[in-house]
>>> print(open('start30.csv').read())   # CSV, C-alpha atoms
chain,number,residue,atom,x,y,z
A,97,MET,CA,25.9,-21.3,-5.9
A,98,ILE,CA,26.2,-18.5,-8.5
A,99,ARG,CA,26.4,-15.1,-7.0
A,100,ASP,CA,23.8,-12.5,-8.0
A,101,SER,CA,26.0,-9.4,-8.5
A,102,THR,CA,25.2,-6.2,-10.3
A,103,ALA,CA,27.6,-7.1,-13.1
A,104,ASP,CA,25.9,-10.5,-13.5
A,105,ARG,CA,22.5,-8.8,-13.7
A,106,TRP,CA,23.8,-6.3,-16.3
A,107,TYR,CA,25.2,-9.1,-18.5
A,108,MET,CA,22.0,-11.1,-18.2
A,109,ILE,CA,19.9,-8.2,-19.3
A,110,GLU,CA,22.0,-8.1,-22.5
A,111,ALA,CA,21.7,-11.9,-23.0
A,112,ILE,CA,17.9,-11.6,-22.6
A,113,ALA,CA,17.9,-8.7,-25.1
A,114,LEU,CA,19.8,-10.9,-27.6
A,115,ALA,CA,17.1,-13.5,-27.1
A,116,ARG,CA,14.4,-10.9,-27.8
A,117,ARG,CA,16.2,-9.9,-31.0
A,118,SER,CA,16.2,-13.5,-32.1
A,119,VAL,CA,12.4,-13.6,-31.7
A,120,GLU,CA,11.8,-10.3,-33.4
A,121,GLU,CA,13.9,-11.3,-36.4
A,122,GLY,CA,12.5,-14.8,-36.6
A,123,ALA,CA,16.0,-16.1,-36.7
A,124,GLY,CA,15.4,-19.0,-34.3
A,125,GLY,CA,14.3,-19.7,-30.8
A,126,PRO,CA,14.1,-17.2,-28.0
A,127,PHE,CA,17.7,-17.6,-26.8
A,128,GLY,CA,20.6,-15.2,-26.4
A,129,ALA,CA,24.0,-15.5,-24.8
A,130,LEU,CA,27.0,-13.3,-23.8
A,131,LEU,CA,30.5,-14.3,-23.1
A,132,VAL,CA,32.4,-12.1,-20.6
A,133,ARG,CA,35.9,-12.2,-19.0
A,134,ASP,CA,37.4,-9.6,-16.7
A,135,GLY,CA,34.5,-7.2,-17.4
A,136,ARG,CA,34.9,-7.3,-21.2
A,137,VAL,CA,32.3,-8.8,-23.5
A,138,LEU,CA,34.2,-11.3,-25.7
A,139,GLY,CA,31.3,-12.7,-27.7
A,140,ARG,CA,27.5,-12.4,-28.3
A,141,GLY,CA,25.1,-14.9,-29.7
A,142,ARG,CA,21.5,-15.3,-30.5
A,143,ASN,CA,19.7,-18.4,-31.7
A,144,ARG,CA,20.0,-18.6,-35.5
A,145,VAL,CA,19.0,-22.3,-36.1
A,146,VAL,CA,16.2,-21.3,-38.5
A,147,ALA,CA,18.0,-18.4,-40.2
A,148,ASP,CA,21.2,-20.4,-40.8
A,149,CYS,CA,19.5,-23.9,-41.3
A,150,ASP,CA,22.0,-25.1,-38.7
A,151,PRO,CA,20.9,-27.2,-35.7
A,152,THR,CA,24.1,-26.2,-33.9
A,153,ALA,CA,23.5,-22.4,-34.3
A,154,HIS,CA,22.5,-22.0,-30.6
A,155,ALA,CA,23.2,-18.7,-28.9
A,156,GLU,CA,25.8,-20.1,-26.6
A,157,VAL,CA,27.8,-21.9,-29.3
A,158,LEU,CA,27.7,-18.7,-31.5
A,159,ALA,CA,28.9,-16.6,-28.6
A,160,ILE,CA,31.8,-19.0,-27.9
A,161,ARG,CA,32.7,-19.1,-31.6
A,162,GLU,CA,32.7,-15.3,-31.9
A,163,ALA,CA,34.9,-14.9,-28.8
A,164,CYS,CA,37.4,-17.6,-30.0
A,165,VAL,CA,37.7,-16.1,-33.5
A,166,ALA,CA,38.1,-12.5,-32.1
A,167,LEU,CA,40.8,-13.6,-29.7
A,168,GLY,CA,42.4,-16.2,-32.0
A,169,VAL,CA,42.2,-18.9,-29.3
A,170,PHE,CA,40.1,-22.0,-28.7
A,171,HIS,CA,40.1,-21.9,-24.9
A,172,LEU,CA,38.4,-19.2,-22.9
A,173,ALA,CA,39.5,-20.0,-19.4
A,174,GLY,CA,38.2,-17.6,-16.8
A,175,ALA,CA,35.2,-16.5,-18.9
A,176,THR,CA,31.6,-16.6,-17.9
A,177,LEU,CA,28.7,-17.5,-20.2
A,178,TYR,CA,25.5,-15.6,-19.6
A,179,ALA,CA,22.6,-17.4,-21.2
A,180,SER,CA,18.9,-16.5,-21.4
A,181,CYS,CA,18.1,-20.1,-20.7
A,182,GLU,CA,19.8,-23.1,-19.1
A,183,PRO,CA,22.2,-24.5,-21.8
A,184,CYS,CA,21.2,-27.6,-23.6
A,185,PRO,CA,23.6,-30.6,-23.5
A,186,MET,CA,25.4,-29.5,-26.7
A,187,CYS,CA,25.9,-25.9,-25.4
A,188,LEU,CA,27.0,-27.2,-22.0
A,189,ALA,CA,29.5,-29.5,-23.7
A,190,ALA,CA,30.8,-26.5,-25.8
A,191,ALA,CA,31.2,-24.5,-22.5
A,192,HIS,CA,33.3,-27.4,-21.1
A,193,TRP,CA,35.4,-27.7,-24.3
A,194,ALA,CA,36.0,-23.9,-24.2
A,195,GLN,CA,37.1,-24.3,-20.5
A,196,LEU,CA,34.7,-21.6,-19.3
A,197,ALA,CA,34.8,-20.7,-15.6
A,198,ARG,CA,31.1,-20.7,-15.1
A,199,VAL,CA,27.6,-20.4,-16.6
A,200,VAL,CA,24.9,-18.1,-15.5
A,201,TYR,CA,21.4,-18.6,-16.9
A,202,ALA,CA,17.9,-17.2,-16.5
A,203,ALA,CA,15.1,-19.5,-17.6
A,204,GLU,CA,15.3,-23.2,-16.8
A,205,ALA,CA,15.3,-26.1,-19.3
A,206,ALA,CA,11.8,-27.0,-18.1
A,207,ASP,CA,10.7,-23.5,-19.2
A,208,ALA,CA,12.0,-24.1,-22.7
A,209,ALA,CA,10.5,-27.6,-22.8
A,210,ALA,CA,7.1,-26.0,-22.1
A,211,LEU,CA,7.5,-24.2,-25.4
A,212,GLY,CA,8.5,-27.3,-27.3
A,213,PHE,CA,12.3,-27.0,-26.9
A,214,ALA,CA,12.6,-30.3,-25.1
A,215,ASP,CA,16.1,-31.6,-24.7
A,216,GLY,CA,15.3,-33.9,-21.8
A,217,ALA,CA,15.5,-37.0,-24.0
A,218,ILE,CA,18.9,-36.0,-25.2
A,219,ARG,CA,20.0,-35.4,-21.6
A,220,ASP,CA,18.7,-38.9,-20.7
A,221,ILE,CA,20.5,-40.5,-23.7
A,222,LEU,CA,23.8,-38.9,-22.9
A,223,ALA,CA,23.5,-39.9,-19.2
A,224,GLY,CA,22.7,-43.5,-20.1
A,225,ARG,CA,24.8,-46.4,-21.2
A,226,ALA,CA,26.2,-46.3,-24.7
A,227,GLU,CA,24.4,-49.5,-25.7
A,228,ASP,CA,21.1,-48.0,-24.6
A,229,ARG,CA,21.3,-44.9,-26.7
A,230,MET,CA,18.6,-44.4,-29.4
A,231,MET,CA,21.0,-43.7,-32.3
A,232,PRO,CA,22.6,-46.9,-33.5
A,233,ARG,CA,26.4,-46.8,-33.5
A,234,ALA,CA,29.0,-48.9,-35.3
A,235,GLN,CA,32.7,-48.9,-35.4
A,236,MET,CA,34.8,-49.7,-38.5
A,237,MET,CA,38.2,-49.0,-40.0
A,238,ARG,CA,39.9,-48.1,-36.7
A,239,ALA,CA,43.4,-49.0,-37.9
A,240,GLU,CA,43.0,-46.5,-40.8
A,241,ALA,CA,41.8,-43.8,-38.4
A,242,LEU,CA,44.7,-44.5,-36.0
A,243,GLU,CA,47.1,-44.0,-38.9
A,244,VAL,CA,45.8,-40.5,-39.2
A,245,PHE,CA,46.2,-40.0,-35.5
A,246,ARG,CA,49.8,-41.2,-35.8
A,247,LEU,CA,50.4,-38.6,-38.5
A,248,TRP,CA,48.9,-35.8,-36.4
A,249,ARG,CA,51.0,-36.8,-33.4
A,250,GLN,CA,54.2,-36.5,-35.5
A,251,SER,CA,53.1,-33.4,-37.4
A,252,PRO,CA,55.2,-30.2,-36.8
A,253,LEU,CA,51.9,-28.3,-37.3
A,254,ARG,CA,50.2,-30.1,-34.4
A,255,VAL,CA,48.7,-27.8,-31.7
A,256,PRO,CA,47.9,-29.8,-28.6
A,257,TYR,CA,44.5,-29.1,-26.9
>>> encode(input="start30.csv", output="structure tokens")
Amino acid sequence: MIRDSTADRWYMIEAIALARRSVEEGAGGPFGALLVRDGRVLGRGRNRVVADCDPTAHAEVLAIREACVALGVFHLAGATLYASCEPCPMCLAAAHWAQLARVVYAAEAADAAALGFADGAIRDILAGRAEDRMMPRAQMMRAEALEVFRLWRQSPLRVPY
């Protein structure tokens, strides 16, 4: 269970303010996010899907990107993501990739779904078997791709992650 501390409330107030700004600017949906570690705000994001013509420009992803660029890292271990709404599957996956410590959110996915931001079908697809997913998938040219993997494994420029 997530604690409800004064600091958590303060950061959530800012995440919700970012969501309000997104609405006021018409940049995208009513979503905002804040990334915090050790009492320091590392990144902020507000939904910019419409403004940027980018379906991945969700508040949570933009906050993670801003923090990573500012710190020059691609992992944010120990950080907390404050989101004005429960993260969608893409944003939750990004939080895992960034190795965040926890996620604190305000509105639930069902609240967003009531406005037309329904990601339930995507959640169901990702939870199901690969062969049952709606988007057809096909594999080809594996050997050629594995050759590139071999090159990466041998590269002196390789950064493991």
>>> closest_residue(input="start30.csv", among="A:Val132, A:Val200, A:Ala111, A:Val137", to="Ala173 of chain A", atoms="all atoms listed in the file")
A:Val132
>>> closest_residue(input="start30.csv", among="A:Phe213, A:Trp248, A:Phe127, A:Tyr201", to="Tyr107 of chain A", atoms="all atoms listed in the file")
A:Tyr201
>>> closest_residue(input="start30.csv", among="A:Arg254, A:Arg140, A:His154, A:Arg161", to="Met108 of chain A", atoms="only C-alpha atoms")
A:Arg140
>>> residues_around(input="start30.csv", residues="Glu204 of chain A", least_positions_apart="2", cutoff="9 Å", atoms="all atoms listed in the file", output="list in words")
Ser180, Cys181, Glu182, Pro183, Tyr201, Ala202, Ala206, Asp207, Ala208 and Ala209 of chain A
>>> atom_distance(input="start30.csv", atom1="atom CA of Ala190 of chain A", atom2="atom CA of Ala153 of chain A")
11.9 Å
>>> closest_residue(input="start30.csv", among="A:Cys164, A:Ala179, A:Gly128, A:Gly135", to="Thr102 of chain A", atoms="only C-alpha atoms")
A:Gly135
>>> residues_near_point(input="start30.csv", point="(17.2, -14.3, -34.2)", cutoff="8 Å", atoms="all atoms listed in the file", output="PyMOL selection string")
chain A and resi 114-126+142-144+147
>>> residues_around(input="start30.csv", residues="Trp193 of chain A", least_positions_apart="2", cutoff="12 Å", atoms="all atoms listed in the file", output="list in words")
Val157, Ile160, Arg161, Cys164, Phe170, His171, Leu172, Ala173, Met186, Cys187, Leu188, Ala189, Ala190, Ala191, Gln195, Leu196, Ala197 and Tyr257 of chain A
>>> atom_distance(input="start30.csv", atom1="atom CA of Ala155 of chain A", atom2="atom CA of Leu211 of chain A")
17.0 Å
>>> residues_near_point(input="start30.csv", point="(16.0, -34.4, -27.2)", cutoff="7 Å", atoms="all atoms listed in the file", output="JSON, numbers by chain")
{"A": [214, 215, 216, 217, 218, 219]}
